[in-house]
file model05.txt (compact mmCIF, C-alpha atoms)
# COMPACT_ATOMS: atom_id res chain seq x y z
CA MET I 1 0.00 0.00 0.00
CA LYS I 2 1.24 3.47 -0.86
CA THR I 3 2.02 5.55 2.22
CA PRO I 4 -0.15 8.69 2.43
CA ASP I 5 1.15 12.09 3.47
CA ILE I 6 -1.53 12.22 6.19
CA ALA I 7 -3.05 9.28 8.04
CA ILE I 8 -6.33 9.99 9.85
CA ILE I 9 -7.06 7.44 12.56
CA GLY I 10 -10.79 7.20 13.07
CA ALA I 11 -13.44 7.24 10.33
CA GLY I 12 -16.14 8.82 12.45
CA PRO I 13 -17.71 12.19 11.53
CA VAL I 14 -14.68 14.22 12.67
CA GLY I 15 -12.12 12.10 10.81
CA MET I 16 -14.24 11.95 7.66
CA ALA I 17 -14.84 15.72 7.77
CA LEU I 18 -11.09 16.36 7.87
CA ALA I 19 -10.47 13.96 4.97
CA LEU I 20 -13.08 15.78 2.88
CA ALA I 21 -11.70 19.19 3.86
CA LEU I 22 -8.24 18.08 2.64
CA HIS I 23 -9.51 16.42 -0.54
CA GLY I 24 -8.21 18.08 -3.67
CA GLY I 25 -5.36 19.71 -1.78
CA PRO I 26 -1.64 19.07 -2.11
CA HIS I 27 -1.48 16.11 0.32
CA THR I 28 -2.63 12.51 0.01
CA VAL I 29 -4.89 11.24 2.80
CA THR I 30 -5.96 7.82 4.08
CA LEU I 31 -8.55 7.05 6.76
CA VAL I 32 -7.93 4.15 9.16
CA ASP I 33 -10.69 2.67 11.33
CA ALA I 34 -10.78 -0.25 13.73
CA ARG I 35 -14.44 -0.82 12.92
CA GLY I 36 -16.09 -2.00 9.73
CA ARG I 37 -16.75 0.50 6.94
CA GLY I 38 -19.73 2.70 7.72
CA ALA I 39 -20.01 1.68 11.39
CA SER I 40 -20.77 5.28 12.38
CA ARG I 41 -24.00 5.08 10.36
CA GLN I 42 -25.48 3.18 13.32
CA ASP I 43 -24.75 5.93 15.87
CA PRO I 44 -28.05 6.53 17.75
CA ARG I 45 -27.10 9.90 19.25
CA VAL I 46 -28.55 13.24 18.24
CA LEU I 47 -26.32 16.26 17.54
CA ALA I 48 -27.11 19.97 17.69
CA LEU I 49 -25.27 21.67 14.84
CA ALA I 50 -24.44 25.35 15.21
CA HIS I 51 -24.97 27.69 12.25
CA GLY I 52 -21.21 27.87 11.73
CA THR I 53 -21.11 24.07 11.51
CA ARG I 54 -23.80 24.19 8.84
CA LEU I 55 -21.60 26.54 6.78
CA THR I 56 -18.66 24.13 7.06
CA LEU I 57 -20.79 21.13 6.06
CA GLU I 58 -22.01 23.14 3.07
CA ARG I 59 -18.39 23.73 2.06
CA LEU I 60 -17.76 19.99 2.36
CA GLY I 61 -20.72 19.28 0.06
CA VAL I 62 -22.76 17.18 2.50
CA TRP I 63 -25.27 19.62 3.98
CA HIS I 64 -28.00 19.22 1.36
CA HIS I 65 -27.98 15.44 1.85
CA LEU I 66 -28.76 15.72 5.58
CA PRO I 67 -32.25 15.29 7.08
CA THR I 68 -32.01 18.10 9.63
CA THR I 69 -34.51 19.94 11.81
CA PRO I 70 -33.91 23.69 12.22
CA ILE I 71 -33.92 25.33 15.65
CA ARG I 72 -35.71 28.63 15.13
CA HIS I 73 -36.15 29.55 18.79
CA ILE I 74 -34.28 28.67 22.00
CA HIS I 75 -36.04 28.98 25.35
CA ILE I 76 -33.74 28.97 28.41
CA SER I 77 -35.09 28.88 31.98
CA GLN I 78 -34.44 27.49 35.45
CA GLN I 79 -36.69 25.38 37.62
CA GLY I 80 -37.83 26.98 40.87
CA GLY I 81 -36.51 30.45 40.05
CA PHE I 82 -37.31 33.57 38.08
CA GLY I 83 -35.74 34.72 34.85
CA ARG I 84 -35.79 33.29 31.37
CA THR I 85 -34.25 34.09 27.98
CA VAL I 86 -35.55 33.47 24.47
CA LEU I 87 -33.36 33.57 21.34
CA ASN I 88 -35.04 33.91 17.94
CA GLU I 89 -33.54 33.30 14.50
CA GLY I 90 -35.16 36.48 13.16
CA ASP I 91 -32.78 38.56 15.26
CA TYR I 92 -29.74 37.20 13.39
CA ALA I 93 -30.81 36.92 9.74
CA VAL I 94 -30.12 33.17 9.65
CA ASP I 95 -32.17 30.16 8.59
CA GLY I 96 -32.05 28.44 11.96
CA LEU I 97 -30.01 29.28 15.03
CA GLY I 98 -28.85 25.70 14.71
CA HIS I 99 -29.99 22.38 13.33
CA VAL I 100 -30.58 18.96 14.86
CA VAL I 101 -29.45 15.79 13.11
CA ARG I 102 -29.11 12.16 14.03
CA ALA I 103 -25.43 11.32 14.30
CA GLY I 104 -25.92 8.25 12.13
CA ASP I 105 -27.43 10.34 9.33
CA LEU I 106 -24.51 12.76 9.47
CA ALA I 107 -22.05 9.87 9.33
CA ALA I 108 -23.89 8.37 6.35
CA ALA I 109 -23.72 11.63 4.38
CA LEU I 110 -20.02 12.02 5.13
CA ASP I 111 -19.30 8.36 4.26
CA ASP I 112 -21.12 8.72 0.94
CA ALA I 113 -19.01 11.80 0.18
CA ILE I 114 -15.82 9.89 1.09
CA THR I 115 -16.83 7.16 -1.40
CA ALA I 116 -17.62 9.70 -4.12
CA ALA I 117 -14.24 11.37 -3.62
CA ASN I 118 -12.39 8.02 -3.74
CA ILE I 119 -10.62 8.74 -0.45
CA PRO I 120 -8.96 5.50 0.73
CA VAL I 121 -10.36 3.89 3.89
CA ILE I 122 -8.61 1.03 5.68
CA ASP I 123 -11.17 -0.64 7.96
CA HIS I 124 -11.09 -3.51 10.46
CA CYS I 125 -7.57 -2.39 11.33
CA GLU I 126 -6.09 -1.31 14.67
CA ALA I 127 -3.74 1.66 14.37
CA GLU I 128 -0.92 2.31 16.81
CA VAL I 129 1.17 5.48 16.68
CA ASP I 130 4.86 4.90 17.38
CA PRO I 131 5.85 7.22 20.26
CA GLU I 132 9.50 7.37 19.17
CA LEU I 133 9.39 7.30 15.37
CA HIS I 134 7.29 10.38 14.76
CA GLY I 135 4.82 9.97 11.92
CA ARG I 136 4.96 6.18 11.94
CA VAL I 137 1.70 4.28 12.27
CA ARG I 138 1.55 0.52 12.74
CA LEU I 139 -1.52 -1.11 11.23
CA ARG I 140 -2.42 -4.34 12.97
CA ARG I 141 -4.73 -7.04 11.72
CA PRO I 142 -5.05 -10.54 13.18
CA ASP I 143 -2.64 -11.96 10.61
CA THR I 144 -0.51 -9.00 9.48
CA THR I 145 1.28 -5.87 10.68
CA GLU I 146 2.24 -3.01 8.40
CA ALA I 147 4.01 0.29 9.08
CA LEU I 148 3.26 3.62 7.43
CA ASP I 149 5.75 6.49 7.70
CA CYS I 150 3.56 9.56 7.23
CA GLN I 151 4.30 13.24 7.39
CA LEU I 152 1.39 13.72 9.82
CA VAL I 153 -0.84 11.46 11.91
CA VAL I 154 -4.23 12.81 13.01
CA CYS I 155 -5.93 10.96 15.87
CA ALA I 156 -9.70 11.40 15.60
CA GLU I 157 -10.74 8.15 17.22
CA GLY I 158 -12.26 7.35 20.58
CA GLY I 159 -11.96 9.06 23.92
CA MET I 160 -9.09 9.61 26.33
CA ARG I 161 -7.78 7.55 29.23
CA ALA I 162 -8.40 9.17 32.60
CA ASP I 163 -4.96 8.06 33.83
CA ASP I 164 -3.11 9.80 30.98
CA PRO I 165 -1.06 12.67 32.51
CA ALA I 166 -1.65 14.71 29.34
CA ILE I 167 -5.38 14.75 30.08
CA HIS I 168 -7.31 17.02 32.44
CA VAL I 169 -10.41 15.24 33.80
CA ARG I 170 -13.35 16.66 35.74
CA ASP I 171 -16.05 14.19 36.76
CA TYR I 172 -19.34 16.06 36.99
CA GLY I 173 -21.00 13.32 39.00
CA GLN I 174 -23.79 13.29 36.43
CA HIS I 175 -25.19 10.86 33.92
CA ALA I 176 -27.27 11.83 30.90
CA VAL I 177 -30.48 9.93 30.24
CA ILE I 178 -31.39 10.23 26.57
CA CYS I 179 -34.54 9.33 24.67
CA MET I 180 -37.05 10.75 22.22
CA GLY I 181 -40.11 12.62 23.45
CA THR I 182 -43.37 13.12 21.59
CA PRO I 183 -44.85 16.62 22.05
CA ALA I 184 -48.57 16.96 22.71
CA VAL I 185 -48.65 19.80 20.17
CA ALA I 186 -46.21 20.67 17.38
CA HIS I 187 -42.88 21.87 18.78
CA GLY I 188 -42.68 24.87 16.45
CA ASN I 189 -38.92 24.30 16.00
CA THR I 190 -38.29 25.50 19.54
CA ALA I 191 -35.45 24.06 21.63
CA TYR I 192 -35.71 24.17 25.41
CA GLU I 193 -32.86 24.30 27.89
CA ARG I 194 -34.05 23.97 31.48
CA PHE I 195 -31.72 24.13 34.48
CA THR I 196 -32.86 22.05 37.44
CA PRO I 197 -31.28 21.12 40.79
CA ASN I 198 -30.55 17.67 39.33
CA GLY I 199 -28.80 19.13 36.30
CA PRO I 200 -29.72 20.62 32.90
CA VAL I 201 -32.50 19.16 30.75
CA ALA I 202 -32.70 19.80 27.01
CA LEU I 203 -35.46 19.21 24.48
CA LEU I 204 -34.20 19.53 20.88
CA PRO I 205 -36.64 19.47 17.96
CA CYS I 206 -35.84 16.39 15.87
CA GLY I 207 -38.28 15.63 13.10
CA THR I 208 -41.72 15.85 14.72
CA ASP I 209 -40.34 14.75 18.11
CA PHE I 210 -37.96 16.11 20.72
CA ALA I 211 -34.55 14.61 21.44
CA VAL I 212 -34.31 14.55 25.23
CA VAL I 213 -31.09 14.95 27.24
CA HIS I 214 -31.91 14.68 30.96
CA THR I 215 -28.98 14.90 33.39
CA ALA I 216 -28.78 13.91 37.04
CA ALA I 217 -26.64 12.11 39.60
CA PRO I 218 -25.97 8.45 38.73
CA GLU I 219 -28.35 7.22 41.45
CA GLN I 220 -31.18 9.37 40.09
CA ALA I 221 -30.43 8.18 36.55
CA ASP I 222 -30.73 4.59 37.81
CA THR I 223 -34.14 5.42 39.23
CA TRP I 224 -35.33 7.01 35.98
CA LEU I 225 -34.18 4.04 33.92
CA ALA I 226 -36.13 1.68 36.19
CA LEU I 227 -39.41 3.59 35.74
CA ASP I 228 -41.99 2.67 33.15
CA ASP I 229 -42.63 5.17 30.37
CA THR I 230 -45.62 6.76 32.08
CA ALA I 231 -43.80 7.34 35.36
CA TYR I 232 -40.70 8.69 33.64
CA LEU I 233 -42.81 10.99 31.47
CA ALA I 234 -44.26 12.46 34.67
CA GLU I 235 -40.72 13.13 35.98
CA LEU I 236 -39.73 14.83 32.75
CA GLN I 237 -42.92 16.86 32.62
CA GLN I 238 -42.37 18.05 36.19
CA ALA I 239 -38.93 19.38 35.21
CA PHE I 240 -40.41 21.54 32.43
CA GLY I 241 -43.68 22.56 34.06
CA HIS I 242 -46.26 24.23 31.81
CA ARG I 243 -43.82 25.43 29.14
CA VAL I 244 -44.08 22.31 27.03
CA ALA I 245 -46.43 19.32 27.12
CA LEU I 246 -45.17 15.83 26.27
CA ALA I 247 -47.40 12.94 25.23
CA GLY I 248 -44.91 10.07 25.31
CA VAL I 249 -41.28 8.95 25.49
CA SER I 250 -39.19 6.26 23.83
CA PRO I 251 -36.93 3.68 25.58
CA ARG I 252 -34.10 5.37 27.45
CA GLU I 253 -30.31 5.07 27.42
CA ARG I 254 -27.68 6.69 29.66
CA PHE I 255 -24.02 7.67 29.62
CA PRO I 256 -21.68 9.29 32.20
CA LEU I 257 -20.65 12.92 31.83
CA GLN I 258 -17.10 14.14 32.27
CA LEU I 259 -14.92 16.94 31.02
CA ARG I 260 -11.77 15.54 29.44
CA VAL I 261 -9.31 17.91 27.81
CA ARG I 262 -5.94 17.12 26.29
CA HIS I 263 -3.66 19.91 27.53
CA THR I 264 -1.86 20.22 24.19
CA PRO I 265 -3.61 18.57 21.21
CA VAL I 266 -0.42 18.72 19.11
CA ALA I 267 2.86 16.79 19.31
CA ALA I 268 5.67 15.91 16.92
CA ARG I 269 3.93 15.10 13.61
CA GLN I 270 0.70 14.35 15.45
CA VAL I 271 -2.62 16.14 16.06
CA TRP I 272 -5.63 15.09 18.15
CA LEU I 273 -9.17 16.09 17.09
CA GLY I 274 -12.72 15.56 18.32
CA ASN I 275 -13.20 13.40 21.40
CA ALA I 276 -9.51 12.53 21.25
CA ALA I 277 -8.79 16.20 22.01
CA GLN I 278 -11.68 17.19 24.24
CA THR I 279 -14.94 15.70 25.50
CA LEU I 280 -17.44 18.26 26.79
CA HIS I 281 -20.65 18.17 28.80
CA PRO I 282 -23.63 18.31 26.39
CA VAL I 283 -25.23 21.27 28.23
CA ALA I 284 -24.65 23.75 25.39
CA GLY I 285 -24.26 21.25 22.55
CA GLN I 286 -20.78 22.52 21.69
CA GLY I 287 -18.66 19.34 21.45
CA PHE I 288 -19.03 18.48 17.76
CA ASN I 289 -19.25 22.15 16.77
CA LEU I 290 -15.90 22.88 18.41
CA ALA I 291 -14.41 19.79 16.76
CA LEU I 292 -15.54 20.90 13.31
CA ARG I 293 -14.07 24.36 13.80
CA ASP I 294 -10.79 22.60 14.68
CA VAL I 295 -11.10 20.50 11.52
CA TRP I 296 -11.59 23.50 9.25
CA ALA I 297 -8.74 25.50 10.78
CA LEU I 298 -6.37 22.52 10.59
CA ALA I 299 -7.24 21.82 6.96
CA ARG I 300 -6.54 25.42 5.98
CA ARG I 301 -3.11 25.30 7.63
CA LEU I 302 -2.21 21.94 6.11
CA ASP I 303 -3.29 22.93 2.59
CA ALA I 304 -0.90 25.89 2.74
CA ALA I 305 2.05 23.81 4.00
CA LYS I 306 4.65 21.96 1.98
CA ASP I 307 5.23 19.60 4.92
CA PRO I 308 1.93 19.08 6.82
CA GLY I 309 3.74 17.74 9.87
CA ASP I 310 6.19 20.61 10.21
CA ALA I 311 6.42 21.83 13.79
CA GLN I 312 5.84 25.45 12.80
CA VAL I 313 2.68 24.53 10.89
CA LEU I 314 1.25 22.65 13.87
CA ALA I 315 2.26 25.45 16.25
CA ALA I 316 0.41 27.94 14.04
CA TYR I 317 -2.70 25.73 14.12
CA LEU I 318 -2.45 25.57 17.91
CA ARG I 319 -2.32 29.38 18.09
CA ASP I 320 -5.29 29.64 15.72
CA ARG I 321 -7.43 27.47 17.97
CA ARG I 322 -6.24 28.39 21.47
CA LEU I 323 -8.81 31.12 22.18
CA ASP I 324 -11.86 29.32 20.79
CA ARG I 325 -10.94 26.02 22.40
CA ALA I 326 -10.22 27.47 25.84
CA SER I 327 -13.29 29.72 25.87
CA THR I 328 -15.68 27.01 24.64
CA VAL I 329 -14.41 24.51 27.21
CA GLY I 330 -14.57 27.17 29.92
CA PHE I 331 -18.06 28.35 28.91
CA THR I 332 -19.47 24.82 28.98
CA ASP I 333 -17.75 23.91 32.25
CA THR I 334 -18.93 27.11 33.95
CA LEU I 335 -22.52 26.55 32.85
CA VAL I 336 -22.54 23.06 34.35
CA ARG I 337 -21.07 24.11 37.69
CA LEU I 338 -23.14 27.27 37.98
CA PHE I 339 -26.50 25.74 37.06
CA SER I 340 -26.24 22.22 38.52
CA ASN I 341 -26.97 23.08 42.14
CA ASP I 342 -29.79 24.58 44.17
CA LEU I 343 -28.01 27.00 46.49
CA PRO I 344 -30.42 29.93 47.07
CA PRO I 345 -27.85 32.70 46.37
CA LEU I 346 -26.85 31.12 43.08
CA ARG I 347 -30.48 30.57 42.13
CA GLY I 348 -31.05 34.32 42.45
CA LEU I 349 -27.92 35.18 40.51
CA ARG I 350 -28.90 32.76 37.74
CA GLY I 351 -32.30 34.40 37.52
CA LEU I 352 -30.72 37.83 37.27
CA GLY I 353 -28.38 36.59 34.56
CA LEU I 354 -31.22 35.11 32.48
CA LEU I 355 -33.26 38.28 32.97
CA ALA I 356 -30.30 40.45 31.92
CA LEU I 357 -29.85 38.38 28.75
CA ASP I 358 -33.50 38.83 27.90
CA LEU I 359 -33.54 42.58 28.54
CA ALA I 360 -30.16 43.46 27.01
CA PRO I 361 -30.11 42.66 23.27
CA PRO I 362 -26.35 43.32 22.82
CA LEU I 363 -25.50 40.81 25.56
CA ARG I 364 -27.99 38.30 24.21
CA HIS I 365 -26.63 38.71 20.68
CA PHE I 366 -23.07 38.21 21.94
CA VAL I 367 -24.00 34.89 23.58
CA ALA I 368 -26.01 33.76 20.55
CA LYS I 369 -23.23 34.50 18.09
CA ARG I 370 -20.67 32.77 20.26
CA MET I 371 -22.87 29.65 20.24
CA MET I 372 -23.32 29.88 16.47
CA PHE I 373 -19.74 30.66 15.45
CA GLY I 374 -17.37 30.10 18.38
CA ALA I 375 -15.09 32.55 20.17
CA ARG I 376 -14.07 34.43 17.03
CA ALA I 377 -17.66 34.67 15.79
CA TRP I 378 -16.59 33.54 12.34
CA PRO I 379 -17.04 33.18 9.40
call {"tool": "encode", "arguments": {"input": "model05.txt", "output": "structure tokens"}}
result
Amino acid sequence: MKTPDIAIIGAGPVGMALALALHGGPHTVTLVDARGRGASRQDPRVLALAHGTRLTLERLGVWHHLPTTPIRHIHISQQGGFGRTVLNEGDYAVDGLGHVVRAGDLAAALDDAITAANIPVIDHCEAEVDPELHGRVRLRRPDTTEALDCQLVVCAEGGMRADDPAIHVRDYGQHAVICMGTPAVAHGNTAYERFTPNGPVALLPCGTDFAVVHTAAPEQADTWLALDDTAYLAELQQAFGHRVALAGVSPRERFPLQLRVRHTPVAARQVWLGNAAQTLHPVAGQGFNLALRDVWALARRLDAAKDPGDAQVLAAYLRDRRLDRASTVGFTDTLVRLFSNDLPPLRGLRGLGLLALDLAPPLRHFVAKRMMFGARAWP
């Protein structure tokens, strides 16, 4: 097999997006995945795509193949306290403040584009980066081992080990219970973010239903999973009160919530992207959006470089992304810690903050644009 200039480990949405962003540029690219081809098509999660992410997916040629649901309004409130904020798309001259898509549908559109572009994919193959021979990747199958000496290796696969000293970990002591909820009346493309003493709850319009993300302590999540649909629906309805009425829920799943951040997502001839670089709490739906901004910035730097693994090129990429990465991680982490408790003083301060956002358009617009475009409010 011919050695590519750039090996991308992980053929999930982040890895495939980078391969497409680099396609047609000066460097050859190969995707490597431990799973079978198209495994990401089965991903049951739901993603909230910021407006800036939509623009990037349009540039990659996959947006018009996606079955998405636009978010035209966002309603933010807290349980047991005053104050609320509403964001409307009409204030920003955009077709949707964001869009909701099933992760499997996004992966399918990206995989189809990879096939159309004839980008090589090596599947059913474990990849191991040599820590001493920079740029070397060992491809392991049950019966063979092969080495590739690349100019750059991009790790876009899997999460991060908690015991890795290069990783900062914060355990939020929360699990997310996820399911689909059927609204009693049409959702009107409104997303709801509700902060409760147990943790944040989100309803995202997805088709004619809501995608539900309901966070709480692990013990509470155990209790919710053990309830029948009617009893759980009552718990969910109590969290939202009269603002939205739900008629039913689907079977539920759960996953633990942690902040994991790689201190420096760049090393000698190596870059980490997506969940390999940072894993965020889903409270503001920023994880994949941040990853795609990283992808686009990295692709622009690599396309302009003779040697994509050159230390100066990677250092420039790191500088490009430092502000957005740090502020997005900090924003999400602060939201979780500020809104996931029921201390009376903080409840009052939260209410004042939500009220201020609602009454001060410049402040509200600043927050909205940051959520749509990241720290630099691009494009």
call {"tool": "residues_around", "arguments": {"input": "model05.txt", "residues": "Val295 in chain I", "least_positions_apart": "5", "cutoff": "9 Å", "atoms": "only C-alpha atoms", "output": "ChimeraX atom specification"}}
result
/I:14-15,17-18,21,273-274,290,300
call {"tool": "atom_distance", "arguments": {"input": "model05.txt", "atom1": "CA of Gly96 in chain I", "atom2": "CA of Phe255 in chain I"}}
result
28.4 Å
call {"tool": "closest_residue", "arguments": {"input": "model05.txt", "among": "I:Pro142, I:Gly25, I:Gly135, I:Gly181", "to": "Val154 in chain I", "atoms": "all atoms listed in the file"}}
result
I:Gly135
call {"tool": "closest_residue", "arguments": {"input": "model05.txt", "among": "I:Leu55, I:Val46, I:Leu152, I:Val313", "to": "His134 in chain I", "atoms": "only C-alpha atoms"}}
result
I:Leu152
call {"tool": "atom_distance", "arguments": {"input": "model05.txt", "atom1": "CA of Leu47 in chain I", "atom2": "CA of Asn88 in chain I"}}
result
19.7 Å
call {"tool": "closest_atom_pairs", "arguments": {"input": "model05.txt", "of": "range 110-229 of chain I", "to": "range 26-31 of chain I", "cutoff": "8 Å", "atoms": "all atoms listed in the file", "output": "Markdown table"}}
result
| residue | atom | partner | partner_atom | distance |
| --- | --- | --- | --- | --- |
| I:Ile119 | CA | I:Thr30 | CA | 6.6 |
| I:Pro120 | CA | I:Thr30 | CA | 5.1 |
| I:Val121 | CA | I:Leu31 | CA | 4.6 |
| I:Ile122 | CA | I:Leu31 | CA | 6.1 |
call {"tool": "atom_distance", "arguments": {"input": "model05.txt", "atom1": "CA of Ala291 in chain I", "atom2": "CA of His64 in chain I"}}
result
20.5 Å
call {"tool": "closest_residue", "arguments": {"input": "model05.txt", "among": "I:Ala117, I:Leu246, I:Ala48, I:Pro183", "to": "Gly24 in chain I", "atoms": "all atoms listed in the file"}}
result
I:Ala117
call {"tool": "closest_residue", "arguments": {"input": "model05.txt", "among": "I:Ile9, I:Leu22, I:Arg37, I:Gly188", "to": "Leu298 in chain I", "atoms": "only C-alpha atoms"}}
result
I:Leu22
call {"tool": "residues_around", "arguments": {"input": "model05.txt", "residues": "Gly287 in chain I", "least_positions_apart": "4", "cutoff": "10 Å", "atoms": "all atoms listed in the file", "output": "VMD selection string"}}
result
chain I and resid 47 to 49 274 to 275 278 to 283 291 to 292 328 to 329 332
call {"tool": "residues_around", "arguments": {"input": "model05.txt", "residues": "Arg319 in chain I", "least_positions_apart": "5", "cutoff": "12 Å", "atoms": "all atoms listed in the file", "output": "PDB file with C-alpha atoms, in the coordinates of the input"}}
result
ATOM      1  CA  THR I 264      -1.860  20.220  24.190  1.00  0.00           C
ATOM      2  CA  PRO I 265      -3.610  18.570  21.210  1.00  0.00           C
ATOM      3  CA  VAL I 266      -0.420  18.720  19.110  1.00  0.00           C
ATOM      4  CA  ASP I 294     -10.790  22.600  14.680  1.00  0.00           C
ATOM      5  CA  ALA I 297      -8.740  25.500  10.780  1.00  0.00           C
ATOM      6  CA  LEU I 298      -6.370  22.520  10.590  1.00  0.00           C
ATOM      7  CA  ARG I 301      -3.110  25.300   7.630  1.00  0.00           C
ATOM      8  CA  GLN I 312       5.840  25.450  12.800  1.00  0.00           C
ATOM      9  CA  VAL I 313       2.680  24.530  10.890  1.00  0.00           C
ATOM     10  CA  LEU I 314       1.250  22.650  13.870  1.00  0.00           C
ATOM     11  CA  ASP I 324     -11.860  29.320  20.790  1.00  0.00           C
ATOM     12  CA  ARG I 325     -10.940  26.020  22.400  1.00  0.00           C
ATOM     13  CA  ALA I 326     -10.220  27.470  25.840  1.00  0.00           C
TER      14      ALA I 326
END
call {"tool": "residues_around", "arguments": {"input": "model05.txt", "residues": "Thr190 in chain I", "least_positions_apart": "3", "cutoff": "12 Å", "atoms": "all atoms listed in the file", "output": "PyMOL selection string"}}
result
chain I and resi 69-76+86-89+96-100+183+185-187+193+202-211+243-244
call {"tool": "write_last_selection", "arguments": {"input": "model05.txt", "atoms": "C-alpha atoms", "output": "short mmCIF file (atom, residue, chain, number, x, y, z; two decimals), in the coordinates of the input"}}
result
data_model
loop_
_atom_site.label_atom_id
_atom_site.label_comp_id
_atom_site.auth_asym_id
_atom_site.auth_seq_id
_atom_site.Cartn_x
_atom_site.Cartn_y
_atom_site.Cartn_z
CA THR I 69 -34.51 19.94 11.81
CA PRO I 70 -33.91 23.69 12.22
CA ILE I 71 -33.92 25.33 15.65
CA ARG I 72 -35.71 28.63 15.13
CA HIS I 73 -36.15 29.55 18.79
CA ILE I 74 -34.28 28.67 22.00
CA HIS I 75 -36.04 28.98 25.35
CA ILE I 76 -33.74 28.97 28.41
CA VAL I 86 -35.55 33.47 24.47
CA LEU I 87 -33.36 33.57 21.34
CA ASN I 88 -35.04 33.91 17.94
CA GLU I 89 -33.54 33.30 14.50
CA GLY I 96 -32.05 28.44 11.96
CA LEU I 97 -30.01 29.28 15.03
CA GLY I 98 -28.85 25.70 14.71
CA HIS I 99 -29.99 22.38 13.33
CA VAL I 100 -30.58 18.96 14.86
CA PRO I 183 -44.85 16.62 22.05
CA VAL I 185 -48.65 19.80 20.17
CA ALA I 186 -46.21 20.67 17.38
CA HIS I 187 -42.88 21.87 18.78
CA GLU I 193 -32.86 24.30 27.89
CA ALA I 202 -32.70 19.80 27.01
CA LEU I 203 -35.46 19.21 24.48
CA LEU I 204 -34.20 19.53 20.88
CA PRO I 205 -36.64 19.47 17.96
CA CYS I 206 -35.84 16.39 15.87
CA GLY I 207 -38.28 15.63 13.10
CA THR I 208 -41.72 15.85 14.72
CA ASP I 209 -40.34 14.75 18.11
CA PHE I 210 -37.96 16.11 20.72
CA ALA I 211 -34.55 14.61 21.44
CA ARG I 243 -43.82 25.43 29.14
CA VAL I 244 -44.08 22.31 27.03
#
call {"tool": "residues_around", "arguments": {"input": "model05.txt", "residues": "Ala234 in chain I", "least_positions_apart": "3", "cutoff": "12 Å", "atoms": "all atoms listed in the file", "output": "PyMOL selection string"}}
result
chain I and resi 181+224+227-231+237-241+245-249
call {"tool": "write_last_selection", "arguments": {"input": "model05.txt", "atoms": "C-alpha atoms", "output": "PDB file, in the frame of the given file"}}
result
ATOM      1  CA  GLY I 181     -40.110  12.620  23.450  1.00  0.00           C
ATOM      2  CA  TRP I 224     -35.330   7.010  35.980  1.00  0.00           C
ATOM      3  CA  LEU I 227     -39.410   3.590  35.740  1.00  0.00           C
ATOM      4  CA  ASP I 228     -41.990   2.670  33.150  1.00  0.00           C
ATOM      5  CA  ASP I 229     -42.630   5.170  30.370  1.00  0.00           C
ATOM      6  CA  THR I 230     -45.620   6.760  32.080  1.00  0.00           C
ATOM      7  CA  ALA I 231     -43.800   7.340  35.360  1.00  0.00           C
ATOM      8  CA  GLN I 237     -42.920  16.860  32.620  1.00  0.00           C
ATOM      9  CA  GLN I 238     -42.370  18.050  36.190  1.00  0.00           C
ATOM     10  CA  ALA I 239     -38.930  19.380  35.210  1.00  0.00           C
ATOM     11  CA  PHE I 240     -40.410  21.540  32.430  1.00  0.00           C
ATOM     12  CA  GLY I 241     -43.680  22.560  34.060  1.00  0.00           C
ATOM     13  CA  ALA I 245     -46.430  19.320  27.120  1.00  0.00           C
ATOM     14  CA  LEU I 246     -45.170  15.830  26.270  1.00  0.00           C
ATOM     15  CA  ALA I 247     -47.400  12.940  25.230  1.00  0.00           C
ATOM     16  CA  GLY I 248     -44.910  10.070  25.310  1.00  0.00           C
ATOM     17  CA  VAL I 249     -41.280   8.950  25.490  1.00  0.00           C
TER      18      VAL I 249
END
call {"tool": "closest_residue", "arguments": {"input": "model05.txt", "among": "I:Gly61, I:Pro44, I:Gly158, I:Gly309", "to": "Asp5 in chain I", "atoms": "all atoms listed in the file"}}
result
I:Gly309
call {"tool": "closest_residue", "arguments": {"input": "model05.txt", "among": "I:His124, I:Arg322, I:Arg138, I:His65", "to": "Asp112 in chain I", "atoms": "only C-alpha atoms"}}
result
I:His65
